>>> print(open('protein-v3.pdb').read())   # PDB, C-alpha atoms, pLDDT in the B column
ATOM      1  CA  ASP I 240      -6.905  -8.308 -19.161  1.00 68.00           C
ATOM      2  CA  VAL I 241      -4.542  -7.035 -16.507  1.00 68.00           C
ATOM      3  CA  LYS I 242      -6.158  -4.627 -14.098  1.00 89.00           C
ATOM      4  CA  VAL I 243      -4.798  -2.294 -11.429  1.00 94.00           C
ATOM      5  CA  THR I 244      -7.339  -0.037  -9.780  1.00 95.00           C
ATOM      6  CA  GLN I 245      -6.868   2.893  -7.436  1.00 96.00           C
ATOM      7  CA  SER I 246      -9.490   4.008  -4.976  1.00 90.00           C
ATOM      8  CA  SER I 247      -9.786   7.622  -6.120  1.00 92.00           C
ATOM      9  CA  ARG I 248      -8.915   9.558  -9.273  1.00 94.00           C
ATOM     10  CA  TYR I 249      -8.952  12.914  -7.507  1.00 96.00           C
ATOM     11  CA  LEU I 250      -8.565  13.727  -3.841  1.00 96.00           C
ATOM     12  CA  VAL I 251      -8.428  17.022  -1.948  1.00 97.00           C
ATOM     13  CA  LYS I 252      -7.209  17.015   1.661  1.00 97.00           C
ATOM     14  CA  ARG I 253      -6.159  19.560   4.232  1.00 97.00           C
ATOM     15  CA  THR I 254      -2.722  19.922   5.789  1.00 97.00           C
ATOM     16  CA  GLY I 255      -2.321  17.567   8.741  1.00 97.00           C
ATOM     17  CA  GLU I 256      -4.980  15.091   7.669  1.00 97.00           C
ATOM     18  CA  LYS I 257      -4.227  11.365   7.467  1.00 97.00           C
ATOM     19  CA  VAL I 258      -4.664  10.158   3.900  1.00 97.00           C
ATOM     20  CA  PHE I 259      -5.135   6.607   2.628  1.00 97.00           C
ATOM     21  CA  LEU I 260      -4.584   5.688  -1.001  1.00 97.00           C
ATOM     22  CA  GLU I 261      -5.653   2.178  -1.942  1.00 97.00           C
ATOM     23  CA  CYS I 262      -4.499   0.035  -4.839  1.00 97.00           C
ATOM     24  CA  VAL I 263      -5.851  -3.355  -5.917  1.00 97.00           C
ATOM     25  CA  GLN I 264      -4.499  -5.693  -8.598  1.00 95.00           C
ATOM     26  CA  ASP I 265      -6.199  -8.769 -10.000  1.00 93.00           C
ATOM     27  CA  MET I 266      -3.119 -10.466 -11.493  1.00 88.00           C
ATOM     28  CA  ASP I 267      -1.860 -12.353  -8.435  1.00 89.00           C
ATOM     29  CA  HIS I 268       1.456 -10.470  -8.668  1.00 90.00           C
ATOM     30  CA  GLU I 269       3.756 -10.606  -5.681  1.00 88.00           C
ATOM     31  CA  ASN I 270       5.332  -7.211  -6.289  1.00 90.00           C
ATOM     32  CA  MET I 271       3.543  -3.888  -5.973  1.00 94.00           C
ATOM     33  CA  PHE I 272       4.849  -0.326  -6.091  1.00 95.00           C
ATOM     34  CA  TRP I 273       3.871   3.206  -5.157  1.00 97.00           C
ATOM     35  CA  TYR I 274       5.283   6.142  -7.126  1.00 97.00           C
ATOM     36  CA  ARG I 275       4.693   9.826  -7.217  1.00 97.00           C
ATOM     37  CA  GLN I 276       5.018  11.795 -10.445  1.00 96.00           C
ATOM     38  CA  ASP I 277       5.850  15.482 -10.558  1.00 94.00           C
ATOM     39  CA  PRO I 278       6.693  17.720 -13.534  1.00 89.00           C
ATOM     40  CA  GLY I 279      10.421  17.858 -14.128  1.00 88.00           C
ATOM     41  CA  LEU I 280      11.114  15.133 -11.573  1.00 91.00           C
ATOM     42  CA  GLY I 281       9.569  12.151 -13.322  1.00 90.00           C
ATOM     43  CA  LEU I 282       8.462   8.996 -11.559  1.00 94.00           C
ATOM     44  CA  ARG I 283       9.962   8.510  -8.109  1.00 94.00           C
ATOM     45  CA  LEU I 284       9.572   5.312  -6.133  1.00 94.00           C
ATOM     46  CA  ILE I 285       8.117   5.756  -2.640  1.00 96.00           C
ATOM     47  CA  TYR I 286       7.783   2.157  -1.430  1.00 95.00           C
ATOM     48  CA  PHE I 287       7.502  -1.283  -2.883  1.00 91.00           C
ATOM     49  CA  SER I 288       6.297  -4.603  -1.526  1.00 92.00           C
ATOM     50  CA  TYR I 289       7.560  -8.002  -2.674  1.00 87.00           C
ATOM     51  CA  ASP I 290       5.162 -10.102  -0.618  1.00 87.00           C
ATOM     52  CA  VAL I 291       2.328  -9.843   1.878  1.00 91.00           C
ATOM     53  CA  LYS I 292       3.433  -7.889   4.937  1.00 89.00           C
ATOM     54  CA  MET I 293       6.833  -7.226   3.321  1.00 90.00           C
ATOM     55  CA  LYS I 294       7.933  -3.773   2.251  1.00 92.00           C
ATOM     56  CA  GLU I 295      11.021  -1.893   1.188  1.00 91.00           C
ATOM     57  CA  LYS I 296      11.683   1.838   1.159  1.00 92.00           C
ATOM     58  CA  GLY I 297      12.078   3.424  -2.213  1.00 91.00           C
ATOM     59  CA  ASP I 298      13.900   6.610  -3.079  1.00 90.00           C
ATOM     60  CA  ILE I 299      11.582   9.039  -1.247  1.00 95.00           C
ATOM     61  CA  PRO I 300       9.840   7.265   1.664  1.00 96.00           C
ATOM     62  CA  GLU I 301       9.865  10.199   4.106  1.00 96.00           C
ATOM     63  CA  GLY I 302       6.370  11.209   5.173  1.00 96.00           C
ATOM     64  CA  TYR I 303       4.804   8.003   3.852  1.00 97.00           C
ATOM     65  CA  SER I 304       4.060   4.515   5.121  1.00 97.00           C
ATOM     66  CA  VAL I 305       2.510   1.469   3.456  1.00 97.00           C
ATOM     67  CA  SER I 306       0.454  -1.568   4.309  1.00 96.00           C
ATOM     68  CA  ARG I 307       0.137  -4.902   2.516  1.00 96.00           C
ATOM     69  CA  GLU I 308      -2.165  -7.223   4.443  1.00 95.00           C
ATOM     70  CA  LYS I 309      -3.426  -9.109   1.382  1.00 95.00           C
ATOM     71  CA  LYS I 310      -1.607  -9.980  -1.808  1.00 93.00           C
ATOM     72  CA  GLU I 311      -3.936  -8.020  -4.058  1.00 95.00           C
ATOM     73  CA  ARG I 312      -4.029  -4.809  -2.019  1.00 97.00           C
ATOM     74  CA  PHE I 313      -1.287  -2.253  -1.336  1.00 97.00           C
ATOM     75  CA  SER I 314      -2.090   0.909   0.587  1.00 97.00           C
ATOM     76  CA  LEU I 315      -0.128   4.148   0.807  1.00 98.00           C
ATOM     77  CA  ILE I 316      -0.586   6.238   3.939  1.00 98.00           C
ATOM     78  CA  LEU I 317       0.270   9.873   4.430  1.00 97.00           C
ATOM     79  CA  GLU I 318       0.381  10.158   8.216  1.00 94.00           C
ATOM     80  CA  SER I 319       0.071  13.952   8.249  1.00 97.00           C
ATOM     81  CA  ALA I 320      -0.430  15.403   4.800  1.00 97.00           C
ATOM     82  CA  SER I 321       1.620  18.428   3.799  1.00 97.00           C
ATOM     83  CA  THR I 322       1.363  20.736   0.795  1.00 97.00           C
ATOM     84  CA  ASN I 323       4.594  19.339  -0.681  1.00 97.00           C
ATOM     85  CA  GLN I 324       2.836  15.986  -0.997  1.00 98.00           C
ATOM     86  CA  THR I 325       0.504  17.392  -3.618  1.00 98.00           C
ATOM     87  CA  SER I 326       1.215  15.149  -6.573  1.00 97.00           C
ATOM     88  CA  MET I 327       0.049  12.414  -8.910  1.00 96.00           C
ATOM     89  CA  TYR I 328       0.302   9.050  -7.133  1.00 98.00           C
ATOM     90  CA  LEU I 329       0.667   5.933  -9.232  1.00 97.00           C
ATOM     91  CA  CYS I 330       0.392   2.331  -8.112  1.00 97.00           C
ATOM     92  CA  ALA I 331       1.929  -0.477 -10.153  1.00 95.00           C
ATOM     93  CA  SER I 332       2.041  -4.239 -10.109  1.00 93.00           C
ATOM     94  CA  ARG I 333       4.981  -6.161 -11.473  1.00 87.00           C
ATOM     95  CA  PHE I 334       5.115  -8.860 -14.089  1.00 71.00           C
ATOM     96  CA  ASP I 335       8.393 -10.488 -15.173  1.00 65.00           C
ATOM     97  CA  TYR I 336      11.419  -8.762 -16.755  1.00 60.00           C
ATOM     98  CA  ASN I 337      10.591  -5.800 -14.513  1.00 66.00           C
ATOM     99  CA  GLU I 338       7.473  -4.991 -16.540  1.00 81.00           C
ATOM    100  CA  GLN I 339       5.040  -2.987 -14.481  1.00 88.00           C
ATOM    101  CA  PHE I 340       1.340  -2.435 -14.964  1.00 91.00           C
ATOM    102  CA  PHE I 341      -0.012   0.837 -13.646  1.00 94.00           C
ATOM    103  CA  GLY I 342      -3.280   2.019 -12.244  1.00 95.00           C
ATOM    104  CA  PRO I 343      -4.902   5.224 -13.534  1.00 94.00           C
ATOM    105  CA  GLY I 344      -3.369   7.348 -10.780  1.00 96.00           C
ATOM    106  CA  THR I 345      -4.701   9.511  -7.972  1.00 96.00           C
ATOM    107  CA  ARG I 346      -4.215  13.234  -8.249  1.00 96.00           C
ATOM    108  CA  LEU I 347      -3.889  14.423  -4.655  1.00 97.00           C
ATOM    109  CA  THR I 348      -4.107  18.070  -3.697  1.00 97.00           C
ATOM    110  CA  VAL I 349      -3.194  19.080  -0.148  1.00 97.00           C
ATOM    111  CA  LEU I 350      -4.440  22.529   0.836  1.00 96.00           C
TER     112      LEU I 350
ATOM    113  CA  THR T 153      23.829   6.255  -9.565  1.00 61.00           C
ATOM    114  CA  GLN T 154      22.127   4.906 -12.647  1.00 65.00           C
ATOM    115  CA  LEU T 155      20.426   7.519 -14.798  1.00 82.00           C
ATOM    116  CA  LEU T 156      18.445   7.431 -18.002  1.00 92.00           C
ATOM    117  CA  GLU T 157      18.441  10.556 -20.123  1.00 95.00           C
ATOM    118  CA  GLN T 158      15.699  11.042 -22.674  1.00 96.00           C
ATOM    119  CA  SER T 159      15.825  13.408 -25.607  1.00 95.00           C
ATOM    120  CA  PRO T 160      14.254  15.487 -26.816  1.00 96.00           C
ATOM    121  CA  GLN T 161      12.261  16.603 -23.797  1.00 95.00           C
ATOM    122  CA  PHE T 162       9.480  18.066 -25.967  1.00 96.00           C
ATOM    123  CA  LEU T 163       8.517  17.389 -29.579  1.00 97.00           C
ATOM    124  CA  SER T 164       5.714  18.951 -31.612  1.00 97.00           C
ATOM    125  CA  ILE T 165       5.210  17.674 -35.148  1.00 97.00           C
ATOM    126  CA  GLN T 166       2.612  17.510 -37.892  1.00 97.00           C
ATOM    127  CA  GLU T 167       0.592  14.420 -38.671  1.00 97.00           C
ATOM    128  CA  GLY T 168       2.424  12.174 -41.129  1.00 97.00           C
ATOM    129  CA  GLU T 169       5.948  13.105 -40.045  1.00 97.00           C
ATOM    130  CA  ASN T 170       8.493  10.613 -38.742  1.00 97.00           C
ATOM    131  CA  LEU T 171      10.294  11.028 -35.435  1.00 97.00           C
ATOM    132  CA  THR T 172      12.849   9.364 -33.185  1.00 98.00           C
ATOM    133  CA  VAL T 173      13.248   9.717 -29.443  1.00 97.00           C
ATOM    134  CA  TYR T 174      16.274   8.560 -27.520  1.00 97.00           C
ATOM    135  CA  CYS T 175      17.009   7.042 -24.149  1.00 96.00           C
ATOM    136  CA  ASN T 176      20.667   7.027 -23.100  1.00 95.00           C
ATOM    137  CA  SER T 177      22.691   5.930 -20.116  1.00 93.00           C
ATOM    138  CA  SER T 178      26.270   5.224 -19.087  1.00 90.00           C
ATOM    139  CA  SER T 179      25.025   2.120 -17.253  1.00 88.00           C
ATOM    140  CA  VAL T 180      24.140  -1.311 -18.552  1.00 89.00           C
ATOM    141  CA  PHE T 181      20.584  -2.479 -18.040  1.00 88.00           C
ATOM    142  CA  SER T 182      19.252  -6.033 -17.956  1.00 85.00           C
ATOM    143  CA  SER T 183      16.166  -4.906 -19.852  1.00 87.00           C
ATOM    144  CA  LEU T 184      14.543  -1.743 -21.045  1.00 91.00           C
ATOM    145  CA  GLN T 185      10.899  -0.823 -21.360  1.00 93.00           C
ATOM    146  CA  TRP T 186       9.052   1.897 -23.195  1.00 96.00           C
ATOM    147  CA  TYR T 187       5.774   3.241 -21.843  1.00 96.00           C
ATOM    148  CA  ARG T 188       3.277   5.794 -23.123  1.00 97.00           C
ATOM    149  CA  GLN T 189       1.307   7.937 -20.726  1.00 96.00           C
ATOM    150  CA  GLU T 190      -1.705  10.018 -21.650  1.00 94.00           C
ATOM    151  CA  PRO T 191      -2.702  13.036 -19.539  1.00 88.00           C
ATOM    152  CA  GLY T 192      -4.385  12.051 -16.284  1.00 87.00           C
ATOM    153  CA  GLU T 193      -3.656   8.341 -16.769  1.00 91.00           C
ATOM    154  CA  GLY T 194      -1.005   5.878 -15.675  1.00 93.00           C
ATOM    155  CA  PRO T 195       1.790   4.757 -18.018  1.00 95.00           C
ATOM    156  CA  VAL T 196       0.988   1.856 -20.307  1.00 93.00           C
ATOM    157  CA  LEU T 197       3.689  -0.594 -21.315  1.00 91.00           C
ATOM    158  CA  LEU T 198       4.487  -0.594 -25.054  1.00 95.00           C
ATOM    159  CA  VAL T 199       7.426  -2.964 -25.291  1.00 94.00           C
ATOM    160  CA  THR T 200      10.253  -4.654 -23.406  1.00 91.00           C
ATOM    161  CA  VAL T 201      13.661  -5.281 -24.972  1.00 92.00           C
ATOM    162  CA  VAL T 202      16.157  -7.549 -23.292  1.00 89.00           C
ATOM    163  CA  THR T 203      18.877  -8.447 -25.809  1.00 91.00           C
ATOM    164  CA  GLY T 204      21.581  -6.066 -27.024  1.00 93.00           C
ATOM    165  CA  GLY T 205      20.890  -5.084 -30.630  1.00 94.00           C
ATOM    166  CA  GLU T 206      17.273  -6.217 -30.423  1.00 95.00           C
ATOM    167  CA  VAL T 207      14.731  -4.508 -32.663  1.00 97.00           C
ATOM    168  CA  LYS T 208      10.998  -4.794 -32.042  1.00 96.00           C
ATOM    169  CA  LYS T 209       8.162  -3.422 -34.134  1.00 96.00           C
ATOM    170  CA  LEU T 210       4.703  -2.519 -32.941  1.00 94.00           C
ATOM    171  CA  LYS T 211       2.720  -1.327 -35.984  1.00 95.00           C
ATOM    172  CA  ARG T 212       4.269   2.080 -36.802  1.00 97.00           C
ATOM    173  CA  LEU T 213       6.581   2.055 -33.773  1.00 97.00           C
ATOM    174  CA  THR T 214      10.089   0.591 -33.952  1.00 97.00           C
ATOM    175  CA  PHE T 215      12.110   0.051 -30.795  1.00 97.00           C
ATOM    176  CA  GLN T 216      15.822  -0.647 -30.695  1.00 97.00           C
ATOM    177  CA  PHE T 217      18.065  -1.681 -27.808  1.00 95.00           C
ATOM    178  CA  GLY T 218      21.714  -0.716 -28.169  1.00 94.00           C
ATOM    179  CA  ASP T 219      24.328  -3.424 -28.607  1.00 94.00           C
ATOM    180  CA  ALA T 220      25.866  -2.597 -25.233  1.00 93.00           C
ATOM    181  CA  ARG T 221      22.416  -2.405 -23.546  1.00 91.00           C
ATOM    182  CA  LYS T 222      23.044   1.183 -22.449  1.00 92.00           C
ATOM    183  CA  ASP T 223      20.705   2.999 -24.802  1.00 94.00           C
ATOM    184  CA  SER T 224      17.499   2.644 -26.754  1.00 96.00           C
ATOM    185  CA  SER T 225      15.493   4.474 -29.376  1.00 97.00           C
ATOM    186  CA  LEU T 226      11.870   4.685 -30.407  1.00 97.00           C
ATOM    187  CA  HIS T 227      11.040   5.559 -33.993  1.00 98.00           C
ATOM    188  CA  ILE T 228       7.510   6.433 -35.060  1.00 97.00           C
ATOM    189  CA  THR T 229       6.642   6.372 -38.746  1.00 97.00           C
ATOM    190  CA  ALA T 230       3.861   8.589 -40.101  1.00 97.00           C
ATOM    191  CA  ALA T 231       2.841   9.929 -36.706  1.00 97.00           C
ATOM    192  CA  GLN T 232      -0.855  10.350 -35.968  1.00 97.00           C
ATOM    193  CA  PRO T 233      -2.657  12.537 -33.386  1.00 96.00           C
ATOM    194  CA  GLY T 234      -3.384   9.375 -31.401  1.00 95.00           C
ATOM    195  CA  ASP T 235       0.368   9.016 -30.802  1.00 96.00           C
ATOM    196  CA  THR T 236       0.299  12.154 -28.639  1.00 96.00           C
ATOM    197  CA  GLY T 237       1.495  11.510 -25.104  1.00 96.00           C
ATOM    198  CA  LEU T 238       4.461  11.224 -22.772  1.00 97.00           C
ATOM    199  CA  TYR T 239       6.905   8.509 -23.785  1.00 97.00           C
ATOM    200  CA  LEU T 240       8.910   7.083 -20.901  1.00 97.00           C
ATOM    201  CA  CYS T 241      11.814   4.683 -20.956  1.00 96.00           C
ATOM    202  CA  ALA T 242      12.712   2.587 -17.924  1.00 93.00           C
ATOM    203  CA  GLY T 243      15.688   0.317 -17.337  1.00 90.00           C
ATOM    204  CA  GLY T 244      15.687  -2.757 -15.154  1.00 83.00           C
ATOM    205  CA  ALA T 245      18.307  -2.768 -12.396  1.00 77.00           C
ATOM    206  CA  ARG T 246      19.157  -4.860  -9.394  1.00 73.00           C
ATOM    207  CA  TRP T 247      18.538  -3.220  -6.072  1.00 66.00           C
ATOM    208  CA  GLY T 248      19.917  -4.137  -2.713  1.00 60.00           C
ATOM    209  CA  ALA T 249      21.569  -7.367  -1.624  1.00 58.00           C
ATOM    210  CA  GLY T 250      18.726  -9.690  -2.534  1.00 59.00           C
ATOM    211  CA  ASN T 251      17.032 -10.479  -5.784  1.00 61.00           C
ATOM    212  CA  ASN T 252      14.976  -7.318  -5.827  1.00 64.00           C
ATOM    213  CA  ARG T 253      14.746  -5.342  -9.015  1.00 71.00           C
ATOM    214  CA  LYS T 254      13.464  -1.881  -9.672  1.00 80.00           C
ATOM    215  CA  LEU T 255      13.048   0.348 -12.672  1.00 86.00           C
ATOM    216  CA  ILE T 256      15.208   3.379 -13.333  1.00 89.00           C
ATOM    217  CA  TRP T 257      13.005   5.920 -15.114  1.00 93.00           C
ATOM    218  CA  GLY T 258      13.802   8.589 -17.649  1.00 94.00           C
ATOM    219  CA  LEU T 259      11.964  11.925 -17.398  1.00 95.00           C
ATOM    220  CA  GLY T 260      10.131  11.315 -20.646  1.00 95.00           C
ATOM    221  CA  THR T 261       9.585  12.877 -24.049  1.00 97.00           C
ATOM    222  CA  SER T 262       6.357  14.794 -24.421  1.00 96.00           C
ATOM    223  CA  LEU T 263       5.075  14.321 -27.969  1.00 97.00           C
ATOM    224  CA  ALA T 264       2.340  16.382 -29.609  1.00 97.00           C
ATOM    225  CA  VAL T 265       1.149  15.348 -33.067  1.00 97.00           C
ATOM    226  CA  ASN T 266      -0.911  18.079 -34.679  1.00 96.00           C
ATOM    227  CA  PRO T 267      -3.602  17.269 -37.267  1.00 94.00           C
TER     228      PRO T 267
END
>>> encode(input="protein-v3.pdb", output="structure tokens")
Amino acid sequence: DVKVTQSSRYLVKRTGEKVFLECVQDMDHENMFWYRQDPGLGLRLIYFSYDVKMKEKGDIPEGYSVSREKKERFSLILESASTNQTSMYLCASRFDYNEQFFGPGTRLTVL
Amino acid sequence: TQLLEQSPQFLSIQEGENLTVYCNSSSVFSSLQWYRQEPGEGPVLLVTVVTGGEVKKLKRLTFQFGDARKDSSLHITAAQPGDTGLYLCAGGARWGAGNNRKLIWGLGTSLAVNP
């Protein structure tokens, strides 16, 4: 079975803290994605990676960075967390025909 | 800008009823997926349709891709409480100069099936 795991289900951080969200997939997929999901705004792409050490900005990359040192692992970094980054963060790994397999999500609250 | 509009936004029905949700766009998509998301979880892929006019069935769920590949529908027969969730459609689109593809997401239809 396909599996995408995320390091935390719930996370509470303070404004200004550096935050790391980790995602691991066991499917040997080349493509991985980070989204955030907010009510009324849907799923918005932050960054995606199409290979190790390769990354592309998504629709809302401001305030975020990513790291992909190994094929199975894709990390999202909030350099200095702000309250408007409170959200549900979803990692996905891509199969063919654009099909994406998602992790369970991390609900991040920034106080 | 490619957009996918889903309707209705919210739907609350009784167990046993039938329902249809829609996903519409003015753009052509190479493929279209339907996902279901339960509260506090990530979306789970239900089906992918790639050919205009294609119809796929998954037990009580019937998915249709429009002939022009601009729209899709999901029909649920005899809905059950276990069908409750957020139904998302997503269209495959090229992005950038290379061979990269991304998904264009609808905002979803939130379905509640009451016992």
>>> closest_residue(input="protein-v3.pdb", among="I:Lys252, I:His268, I:Arg283, I:Lys292", to="chain T", atoms="only C-alpha atoms")
I:Arg283
>>> closest_atom_pairs(input="protein-v3.pdb", of="chain T", to="chain I", cutoff="10 Å", atoms="only C-alpha atoms", output="tab-separated table")
residue	atom	partner	partner_atom	distance
T:Gln161	CA	I:Gly279	CA	9.9
T:Ser182	CA	I:Tyr336	CA	8.4
T:Ser183	CA	I:Tyr336	CA	6.9
T:Leu184	CA	I:Asn337	CA	8.6
T:Gln185	CA	I:Glu338	CA	7.2
T:Trp186	CA	I:Glu338	CA	9.7
T:Tyr187	CA	I:Gln339	CA	9.7
T:Gln189	CA	I:Pro343	CA	9.9
T:Glu190	CA	I:Pro343	CA	10.0
T:Gly192	CA	I:Gly344	CA	7.3
T:Glu193	CA	I:Pro343	CA	4.7
T:Gly194	CA	I:Pro343	CA	4.5
T:Pro195	CA	I:Phe341	CA	6.1
T:Val196	CA	I:Phe341	CA	6.8
T:Leu197	CA	I:Phe340	CA	7.0
T:Val199	CA	I:Glu338	CA	9.0
T:Thr200	CA	I:Glu338	CA	7.4
T:Val201	CA	I:Tyr336	CA	9.2
T:Val202	CA	I:Tyr336	CA	8.2
T:Leu240	CA	I:Gly281	CA	9.1
T:Ala242	CA	I:Asn337	CA	9.3
T:Gly243	CA	I:Asn337	CA	8.4
T:Gly244	CA	I:Asn337	CA	6.0
T:Ala245	CA	I:Asn337	CA	8.6
T:Gly248	CA	I:Glu295	CA	10.0
T:Asn252	CA	I:Tyr289	CA	8.1
T:Arg253	CA	I:Asn337	CA	6.9
T:Lys254	CA	I:Asn337	CA	6.9
T:Leu255	CA	I:Asn337	CA	6.9
T:Ile256	CA	I:Leu282	CA	9.0
T:Trp257	CA	I:Leu282	CA	6.5
T:Gly258	CA	I:Gly281	CA	7.0
T:Leu259	CA	I:Gly281	CA	4.7
T:Gly260	CA	I:Gly281	CA	7.4
>>> write_last_selection(input="protein-v3.pdb", atoms="C-alpha atoms", output="compact mmCIF listing (two decimals), in the frame of the given file")
# COMPACT_ATOMS: atom_id res chain seq x y z
CA GLN T 161 12.26 16.60 -23.80
CA SER T 182 19.25 -6.03 -17.96
CA SER T 183 16.17 -4.91 -19.85
CA LEU T 184 14.54 -1.74 -21.04
CA GLN T 185 10.90 -0.82 -21.36
CA TRP T 186 9.05 1.90 -23.20
CA TYR T 187 5.77 3.24 -21.84
CA GLN T 189 1.31 7.94 -20.73
CA GLU T 190 -1.70 10.02 -21.65
CA GLY T 192 -4.38 12.05 -16.28
CA GLU T 193 -3.66 8.34 -16.77
CA GLY T 194 -1.00 5.88 -15.68
CA PRO T 195 1.79 4.76 -18.02
CA VAL T 196 0.99 1.86 -20.31
CA LEU T 197 3.69 -0.59 -21.32
CA VAL T 199 7.43 -2.96 -25.29
CA THR T 200 10.25 -4.65 -23.41
CA VAL T 201 13.66 -5.28 -24.97
CA VAL T 202 16.16 -7.55 -23.29
CA LEU T 240 8.91 7.08 -20.90
CA ALA T 242 12.71 2.59 -17.92
CA GLY T 243 15.69 0.32 -17.34
CA GLY T 244 15.69 -2.76 -15.15
CA ALA T 245 18.31 -2.77 -12.40
CA GLY T 248 19.92 -4.14 -2.71
CA ASN T 252 14.98 -7.32 -5.83
CA ARG T 253 14.75 -5.34 -9.02
CA LYS T 254 13.46 -1.88 -9.67
CA LEU T 255 13.05 0.35 -12.67
CA ILE T 256 15.21 3.38 -13.33
CA TRP T 257 13.00 5.92 -15.11
CA GLY T 258 13.80 8.59 -17.65
CA LEU T 259 11.96 11.92 -17.40
CA GLY T 260 10.13 11.32 -20.65
>>> atom_distance(input="protein-v3.pdb", atom1="CA of Lys310 (chain I)", atom2="CA of Thr325 (chain I)")
27.5 Å
>>> resolve_selection(input="protein-v3.pdb", expression="the PyMOL selection byres ((chain I and resi 265) around 10)", output="ChimeraX atom specification")
/I:240-244,263-264,266-268,310-312,332
>>> residues_near_point(input="protein-v3.pdb", point="(7.1, 14.4, 8.7)", cutoff="10 Å", atoms="only C-alpha atoms", output="list of chain:residue names")
I:Gly255, I:Glu301, I:Gly302, I:Tyr303, I:Leu317, I:Glu318, I:Ser319, I:Ala320, I:Ser321
>>> residues_near_point(input="protein-v3.pdb", point="(0.9, -10.5, 5.0)", cutoff="8 Å", atoms="all atoms listed in the file", output="ChimeraX atom specification")
/I:290-293,307-310
>>> axis_aligned_box(input="protein-v3.pdb", around="region 269-277 of chain I", padding_each_side="3 Å", output="JSON")
{"center_x": 4.7, "center_y": 2.4, "center_z": -7.9, "size_x": 8.3, "size_y": 32.1, "size_z": 11.4}
>>> resolve_selection(input="protein-v3.pdb", expression="the PyMOL selection byres ((chain I and resi 322) around 9)", output="number ranges by chain")
I: 253-254, 320-321, 323-325, 348-350
>>> closest_residue(input="protein-v3.pdb", among="T:Ser262, T:Tyr239, T:Val180, T:Ala230", to="Gln166 (chain T)", atoms="all atoms listed in the file")
T:Ala230
>>> resolve_selection(input="protein-v3.pdb", expression="the PyMOL selection byres ((chain T and resi 211-227) around 6)", output="VMD selection string")
chain T and resid 171 to 177 179 to 181 204 to 210 228 to 229
>>> closest_residue(input="protein-v3.pdb", among="T:Thr203, T:Gln232, T:Thr261, T:Ser178", to="Pro160 (chain T)", atoms="all atoms listed in the file")
T:Thr261
>>> atom_distance(input="protein-v3.pdb", atom1="CA of Thr236 (chain T)", atom2="CA of Ala264 (chain T)")
4.8 Å
>>> atom_distance(input="protein-v3.pdb", atom1="CA of Leu347 (chain I)", atom2="CA of Leu315 (chain I)")
12.2 Å
